[in-house]
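Shown below: model.tsv, with TSV, C-alpha atoms.
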```tsv
chain	number	residue	atom	x	y	z
A	15	MET	CA	128.43	114.36	161.03
A	16	THR	CA	126.14	113.12	163.80
A	17	ARG	CA	124.67	116.61	164.21
A	18	LEU	CA	124.02	116.85	160.49
A	19	MET	CA	122.28	113.47	160.48
A	20	SER	CA	120.14	114.45	163.52
A	21	LEU	CA	119.14	117.69	161.81
A	22	PHE	CA	118.19	115.81	158.64
A	23	VAL	CA	116.03	113.33	160.59
A	24	ALA	CA	114.30	116.16	162.48
A	25	VAL	CA	113.50	118.06	159.26
A	26	ALA	CA	112.25	114.93	157.51
A	27	THR	CA	109.99	114.06	160.46
A	28	ALA	CA	108.53	117.58	160.63
A	29	ALA	CA	107.85	117.58	156.87
A	30	ASN	CA	106.15	114.19	157.09
A	31	VAL	CA	103.88	115.35	159.92
A	32	SER	CA	102.86	118.51	158.05
A	33	PHE	CA	102.07	116.56	154.86
A	34	ALA	CA	99.96	114.06	156.80
A	35	SER	CA	97.95	116.77	158.52
A	36	ALA	CA	97.29	118.54	155.21
A	37	GLN	CA	95.61	115.44	153.74
A	38	THR	CA	92.28	115.60	155.53
A	39	ASP	CA	89.03	115.05	153.65
A	40	ARG	CA	86.99	117.61	155.54
A	41	PRO	CA	87.50	121.35	155.30
A	42	ALA	CA	88.54	123.01	158.52
A	43	PRO	CA	85.61	124.58	160.38
A	44	PRO	CA	85.53	128.35	160.34
A	45	LYS	CA	87.26	129.99	163.27
A	46	GLY	CA	85.22	132.12	165.60
A	47	LEU	CA	82.51	132.03	168.22
A	48	SER	CA	79.32	130.05	167.65
A	49	MET	CA	75.68	130.29	168.62
A	50	SER	CA	72.31	128.80	167.63
A	51	GLY	CA	68.86	130.34	167.57
A	52	ILE	CA	65.82	131.27	165.50
A	53	ALA	CA	66.13	133.96	162.83
A	54	LYS	CA	63.90	136.78	164.03
A	55	SER	CA	64.57	139.28	161.23
A	56	VAL	CA	66.68	138.99	158.09
A	57	SER	CA	67.98	141.66	155.72
A	58	GLN	CA	70.79	141.87	153.18
A	59	THR	CA	73.11	143.41	155.76
A	60	SER	CA	72.01	141.94	159.10
A	61	LEU	CA	70.54	138.94	160.88
A	62	THR	CA	68.79	139.13	164.24
A	63	LEU	CA	68.60	135.90	166.22
A	64	ASP	CA	66.30	135.01	169.08
A	65	VAL	CA	68.47	133.05	171.52
A	66	ASP	CA	66.57	131.98	174.63
A	67	GLY	CA	64.43	135.14	174.56
A	68	ASN	CA	67.36	137.49	173.87
A	69	GLU	CA	67.70	139.25	170.51
A	70	ILE	CA	71.22	139.41	169.09
A	71	THR	CA	71.98	141.27	165.85
A	72	PHE	CA	74.85	140.27	163.55
A	73	VAL	CA	76.32	142.06	160.54
A	74	VAL	CA	76.40	140.29	157.15
A	75	ASP	CA	79.30	141.18	154.85
A	76	LYS	CA	81.06	139.88	151.74
A	77	THR	CA	82.93	137.21	153.71
A	78	THR	CA	79.76	135.63	155.14
A	79	SER	CA	79.02	132.16	153.78
A	80	VAL	CA	75.73	130.29	154.02
A	81	VAL	CA	75.10	126.56	154.14
A	82	SER	CA	71.51	125.51	153.44
A	83	ARG	CA	70.16	122.16	152.32
A	84	GLN	CA	66.71	123.69	151.88
A	85	ARG	CA	67.74	126.11	149.10
A	86	THR	CA	69.32	125.08	145.80
A	87	LEU	CA	72.73	126.77	146.11
A	88	LYS	CA	74.98	125.63	148.94
A	89	ASN	CA	77.90	127.18	150.79
A	90	ASP	CA	78.17	130.29	148.65
A	91	LEU	CA	79.48	133.67	149.64
A	92	VAL	CA	76.68	136.20	149.70
A	93	LEU	CA	76.67	139.80	148.46
A	94	ARG	CA	79.26	138.88	145.84
A	95	THR	CA	77.00	139.35	142.83
A	96	PRO	CA	73.59	140.99	142.33
A	97	ASP	CA	72.07	137.61	141.36
A	98	PRO	CA	68.89	137.21	143.48
A	99	LYS	CA	69.71	133.53	144.14
A	100	ARG	CA	72.98	134.57	145.77
A	101	MET	CA	71.47	137.08	148.17
A	102	PHE	CA	71.48	136.45	151.91
A	103	THR	CA	67.69	136.74	152.13
A	104	TYR	CA	67.32	133.91	149.58
A	105	TYR	CA	69.03	131.48	151.94
A	106	VAL	CA	67.84	132.64	155.37
A	107	LYS	CA	64.22	133.46	156.19
A	108	ALA	CA	62.62	134.74	159.40
A	109	GLY	CA	61.65	131.76	161.53
A	110	ASP	CA	64.48	129.51	160.29
A	111	PRO	CA	66.52	127.74	162.96
A	112	VAL	CA	70.17	128.63	162.33
A	113	ALA	CA	73.62	128.00	163.75
A	114	VAL	CA	76.10	130.83	163.25
A	115	VAL	CA	79.84	131.27	163.51
A	116	TYR	CA	80.83	134.89	164.08
A	117	ARG	CA	83.68	137.11	165.10
A	118	GLN	CA	83.55	140.11	167.41
A	119	VAL	CA	85.70	143.13	166.60
A	120	ASP	CA	85.24	146.44	168.44
A	121	GLY	CA	81.81	145.36	169.70
A	122	VAL	CA	80.50	144.48	166.22
A	123	LEU	CA	79.34	140.89	165.69
A	124	THR	CA	80.14	139.92	162.08
A	125	LEU	CA	78.91	136.63	160.65
A	126	VAL	CA	81.50	134.23	159.25
A	127	GLN	CA	79.11	131.39	158.47
A	128	VAL	CA	75.37	130.77	158.76
A	129	ARG	CA	74.08	127.20	158.67
A	130	VAL	CA	70.32	126.88	158.15
A	131	LEU	CA	69.13	123.90	160.20
A	132	GLN	CA	66.15	121.69	159.46
A	133	LYS	CA	62.92	122.62	161.22
```
Encoded form (structure tokens):
Amino acid sequence: MTRLMSLFVAVATAANVSFASAQTDRPAPPKGLSMSGIAKSVSQTSLTLDVDGNEITFVVDKTTSVVSRQRTLKNDLVLRTPDPKRMFTYYVKAGDPVAVVYRQVDGVLTLVQVRVLQK
């Protein structure tokens, strides 16, 4: 009986901790590596950043999201629809300061999130 009661208390405590951690107001930040720089060149499928004089090129795909206070639409996945206001080049322009979160798989740097910073 004591074992059963101990098991019940342990399960109840674990459930309470998981419910409490799930009730955060902020969304979890995207997982991956991060970097900041100036957008050197921008296309629908790639972004080249100038980071301390080095050019680094990233791939843009359907999972890339963009956060921009300067443009009207915020935090939207790009390349999902042919709407020109949902294209990557609408959000990010050459010369914009940006912070990126990316993942590296087999030597390819793929953007997870691009945040356009204020100039």
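A straight line drawn from atom CA of Ala108 of chain A to atom CA of Lys45 of chain A is 25.4 Å long.
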> What is the distance, in Å and to one decimal place, between atom CA of Thr62 of chain A and atom CA of Val74 of chain A?
Replying inline: 10.5 Å
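With atom CA of Val128 of chain A on one side and atom CA of Thr78 of chain A on the other, the separation reads 7.5 Å.
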>> I want to know what sits within 10 Å of segment 67-70 of chain A, based on only C-alpha atoms, with residues of the same chain fewer than 6 positions away left out; could you give that as a ChimeraX atom specification?
In response: /A:51-55,61,123
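Using only C-alpha atoms, the nearest neighbour of Ser60 of chain A within the list A:Val114, A:Val80, A:Leu47, A:Leu125 is A:Leu125.
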If we count only C-alpha atoms, what is near Gly46 of chain A at a cut-off of 9 Å, once residues fewer than 3 positions away on the same chain are taken out, given as an mmCIF file with C-alpha atoms, keeping the file's coordinate frame?
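Result file is around06.cif:
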```
data_model
loop_
_atom_site.group_PDB
_atom_site.id
_atom_site.type_symbol
_atom_site.label_atom_id
_atom_site.label_comp_id
_atom_site.auth_asym_id
_atom_site.auth_seq_id
_atom_site.Cartn_x
_atom_site.Cartn_y
_atom_site.Cartn_z
ATOM 1 C CA VAL A 115 79.840 131.270 163.510
ATOM 2 C CA TYR A 116 80.830 134.890 164.080
ATOM 3 C CA ARG A 117 83.680 137.110 165.100
ATOM 4 C CA GLN A 118 83.550 140.110 167.410
ATOM 5 C CA VAL A 126 81.500 134.230 159.250
#
```
> Which residue out of A:Val106, A:Val73, A:Met49, A:Val81 has the minimum interatomic distance to Thr124 of chain A when all atoms listed in the file are used?
Replying inline: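 Checking each of A:Val106, A:Val73, A:Met49, A:Val81 against Thr124 of chain A, counting all atoms listed in the file, the winner is A:Val73.
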> Using only C-alpha atoms, which of the listed residues (A:Leu63, A:Lys107, A:Val112, A:Val119) sits closest to Leu131 of chain A?
Replying inline: A:Val112
> A:Gln127, A:Tyr105, A:Ser57, A:Asp66: which is nearest Arg83 of chain A, counting only C-alpha atoms?
Replying inline: A:Tyr105
> Which residue out of A:Ser79, A:Val56, A:Ser50, A:Thr71 has the minimum interatomic distance to Arg100 of chain A when all atoms listed in the file are used?
Replying inline: A:Ser79
